[in-house]
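Everything on this sheet refers to the single structure shown next.
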Amino acid sequence: SGSAQSSKESKVSFKVGGTLTRLNVKVGDLVRSGQLLAKIDQTDYSVQYQQSVANNKSSETQIQSAKSQLVNSKPTYQRIEKLYENNSVSISEFEQAKSALELAEASYNAALAQANAAEKQVESAQNQVRYSNLLAPFSGIITAVMVEENELVASGTPIATVSAMGKPEISVGIPEVFISKVKKDQMVNVVFSSLPDQTFTGKVYEVGFSSLGGSTYPVTVRIDRPTKDIRPGMTADVRFFFC
């Protein structure tokens, strides 16, 4: 004996926290991949994004200023270097020009590093805004909703459960005296207590290597031609045939 389950199931949650301002689904709704399921207040995240964009523009201005300084410092240093080689300027003047060039190069490199960090901040802030929208990871049906609108939810808090509409699976526990006889792709028959007049064929999909904590081992069976009448949670009898 076992129970039906979806071949793919996901408890979806936000990557960021906030107040749930919109909940677009209820139990039983069909959803498509990428569909908006829920939304949290993104006001603070939008402000952070705008600030990061402004900081990025400021860093670009600093790069241009540092670059201009560097461009002006190079010919000055080269001119004084030649004069120094001809003993036309003192060593202090040469050192001063050299220090100015090194300072300009350091300022330019620092400006580039700051701009790179600012770009990453923009990307991070943009992600925060995007994460305030919860999208369906795949097409399926909503089998559970754990929250309501206007609730304050933390990142990682389950919002809803999405179950795939593909081939359903049956999870059963096989006694240890028979587990060695169960093989992957082995044919089985499946009968649901709620559908007593129908017998379905299936195949063994997974055979557990370790026990469930007792003397039984987990085995997963997939039905070959399921109908829409089969739903997650339905009890079923799986019949194995051993030679």
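Identifiers in the structure tokens: chain A, B, ... in order shown; residue index from 1 per chain; ligand index from 1 in order shown.
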Query - Within 12 Å of A:Ser68 using only C-alpha atoms, minus same-chain residues under 4 positions, as a VMD selection string - result: chain A and resid 61 to 64 72 to 75 101 104 to 105 107 to 108
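Omitting stretch 184-198 of chain A and its sequence neighbours fewer than 4 positions away, and counting only C-alpha atoms, the residues within 9 Å are A:Ser3, A:Ile170, A:Gly202, A:Lys203, A:Val204, A:Tyr205, A:Glu206, A:Val207, A:Val221, A:Ile223, A:Asp229, A:Ile230, A:Met234, A:Thr235, A:Ala236, A:Asp237, A:Val238, A:Arg239, A:Phe240, A:Phe241.
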Query raised in the report: Can you list every residue in stretch 19-188 of chain A that DSSP puts in strand (DSSP E or B), as a ChimeraX atom specification?
Result: /A:19-23,30-31,36-40,133-135,140-145,152-153,158-163,169-175,187-188
Report task. List the neighbours of stretch 144-151 of chain A out to 12 Å using only C-alpha atoms; skip same-chain residues closer than 5 positions along the sequence, and give me the result as number ranges by chain. Result -> A: 9-13, 17-29, 37-41, 157-163, 232
Query raised in the report: Can you list every residue in stretch 23-151 of chain A that DSSP puts in helix (DSSP H, G or I), as a PyMOL selection string?
Result: chain A and resi 43-85+91-131
Requested in this report: Using only C-alpha atoms, find the one residue out of A:Thr220, A:Arg231, A:Asn55, A:Ser1 that sits nearest to A:Asn116.
Outcome: A:Asn55
Query raised in the report: Closest to A:Ile142 among A:Ser6, A:Cys243, A:Ala118, A:Ala100, using only C-alpha atoms?
Result: A:Ser6
Query raised in the report: Excluding same-chain residues fewer than 4 positions from A:Gln50, what lies within 12 Å of it counting only C-alpha atoms, as an MDAnalysis selection string?
Result: chainID A and resid 43:46 54:57 118 121:126 128:129
Please produce a file of those selected residues containing N, CA, C and O atoms, as a PDB file, in the first residue's frame.
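Listed below is the output, selection-v1.pdb:
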ATOM      1  N   THR A  43       8.787  48.878  -2.136  1.00  0.00           N
ATOM      2  CA  THR A  43       9.129  50.298  -2.039  1.00  0.00           C
ATOM      3  C   THR A  43      10.571  50.504  -1.592  1.00  0.00           C
ATOM      4  O   THR A  43      11.342  51.223  -2.233  1.00  0.00           O
ATOM      5  N   ASP A  44      10.956  49.868  -0.480  1.00  0.00           N
ATOM      6  CA  ASP A  44      12.320  50.027   0.046  1.00  0.00           C
ATOM      7  C   ASP A  44      13.360  49.516  -0.934  1.00  0.00           C
ATOM      8  O   ASP A  44      14.424  50.121  -1.095  1.00  0.00           O
ATOM      9  N   TYR A  45      13.050  48.409  -1.602  1.00  0.00           N
ATOM     10  CA  TYR A  45      14.005  47.839  -2.556  1.00  0.00           C
ATOM     11  C   TYR A  45      14.160  48.745  -3.785  1.00  0.00           C
ATOM     12  O   TYR A  45      15.249  48.853  -4.346  1.00  0.00           O
ATOM     13  N   SER A  46      13.064  49.400  -4.177  1.00  0.00           N
ATOM     14  CA  SER A  46      13.138  50.320  -5.315  1.00  0.00           C
ATOM     15  C   SER A  46      13.986  51.538  -4.977  1.00  0.00           C
ATOM     16  O   SER A  46      14.772  52.024  -5.809  1.00  0.00           O
ATOM     17  N   ALA A  54      22.323  55.990  -8.770  1.00  0.00           N
ATOM     18  CA  ALA A  54      22.927  57.316  -8.598  1.00  0.00           C
ATOM     19  C   ALA A  54      24.401  57.192  -8.204  1.00  0.00           C
ATOM     20  O   ALA A  54      25.255  57.941  -8.708  1.00  0.00           O
ATOM     21  N   ASN A  55      24.700  56.250  -7.318  1.00  0.00           N
ATOM     22  CA  ASN A  55      26.092  56.030  -6.914  1.00  0.00           C
ATOM     23  C   ASN A  55      26.939  55.557  -8.083  1.00  0.00           C
ATOM     24  O   ASN A  55      28.112  55.935  -8.210  1.00  0.00           O
ATOM     25  N   ASN A  56      26.334  54.765  -8.931  1.00  0.00           N
ATOM     26  CA  ASN A  56      27.065  54.270 -10.099  1.00  0.00           C
ATOM     27  C   ASN A  56      27.403  55.413 -11.053  1.00  0.00           C
ATOM     28  O   ASN A  56      28.506  55.481 -11.608  1.00  0.00           O
ATOM     29  N   LYS A  57      26.463  56.329 -11.249  1.00  0.00           N
ATOM     30  CA  LYS A  57      26.720  57.486 -12.116  1.00  0.00           C
ATOM     31  C   LYS A  57      27.803  58.375 -11.518  1.00  0.00           C
ATOM     32  O   LYS A  57      28.649  58.920 -12.236  1.00  0.00           O
ATOM     33  N   ALA A 118      30.244  49.623  -7.562  1.00  0.00           N
ATOM     34  CA  ALA A 118      28.960  50.307  -7.747  1.00  0.00           C
ATOM     35  C   ALA A 118      28.077  49.549  -8.733  1.00  0.00           C
ATOM     36  O   ALA A 118      26.865  49.452  -8.550  1.00  0.00           O
ATOM     37  N   GLN A 121      26.593  46.685  -6.961  1.00  0.00           N
ATOM     38  CA  GLN A 121      25.525  47.138  -6.071  1.00  0.00           C
ATOM     39  C   GLN A 121      24.232  47.368  -6.852  1.00  0.00           C
ATOM     40  O   GLN A 121      23.140  47.052  -6.366  1.00  0.00           O
ATOM     41  N   VAL A 122      24.364  47.909  -8.058  1.00  0.00           N
ATOM     42  CA  VAL A 122      23.189  48.115  -8.910  1.00  0.00           C
ATOM     43  C   VAL A 122      22.550  46.773  -9.249  1.00  0.00           C
ATOM     44  O   VAL A 122      21.328  46.594  -9.164  1.00  0.00           O
ATOM     45  N   GLU A 123      23.390  45.812  -9.613  1.00  0.00           N
ATOM     46  CA  GLU A 123      22.892  44.481  -9.960  1.00  0.00           C
ATOM     47  C   GLU A 123      22.218  43.822  -8.754  1.00  0.00           C
ATOM     48  O   GLU A 123      21.148  43.214  -8.884  1.00  0.00           O
ATOM     49  N   SER A 124      22.840  43.967  -7.577  1.00  0.00           N
ATOM     50  CA  SER A 124      22.262  43.388  -6.365  1.00  0.00           C
ATOM     51  C   SER A 124      20.928  44.037  -6.022  1.00  0.00           C
ATOM     52  O   SER A 124      19.950  43.350  -5.691  1.00  0.00           O
ATOM     53  N   ALA A 125      20.874  45.367  -6.103  1.00  0.00           N
ATOM     54  CA  ALA A 125      19.633  46.085  -5.792  1.00  0.00           C
ATOM     55  C   ALA A 125      18.532  45.743  -6.797  1.00  0.00           C
ATOM     56  O   ALA A 125      17.357  45.629  -6.433  1.00  0.00           O
ATOM     57  N   GLN A 126      18.940  45.562  -8.047  1.00  0.00           N
ATOM     58  CA  GLN A 126      17.966  45.190  -9.080  1.00  0.00           C
ATOM     59  C   GLN A 126      17.404  43.798  -8.802  1.00  0.00           C
ATOM     60  O   GLN A 126      16.204  43.549  -8.999  1.00  0.00           O
ATOM     61  N   GLN A 128      17.069  42.505  -5.842  1.00  0.00           N
ATOM     62  CA  GLN A 128      16.157  42.623  -4.700  1.00  0.00           C
ATOM     63  C   GLN A 128      14.761  43.022  -5.169  1.00  0.00           C
ATOM     64  O   GLN A 128      13.753  42.498  -4.672  1.00  0.00           O
ATOM     65  N   VAL A 129      14.707  43.939  -6.132  1.00  0.00           N
ATOM     66  CA  VAL A 129      13.409  44.352  -6.682  1.00  0.00           C
ATOM     67  C   VAL A 129      12.754  43.175  -7.400  1.00  0.00           C
ATOM     68  O   VAL A 129      11.560  42.902  -7.240  1.00  0.00           O
TER      69      VAL A 129
END
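For the pair atom CA of A:Gln114 and atom CA of A:Val71, the interatomic distance is 19.5 Å.
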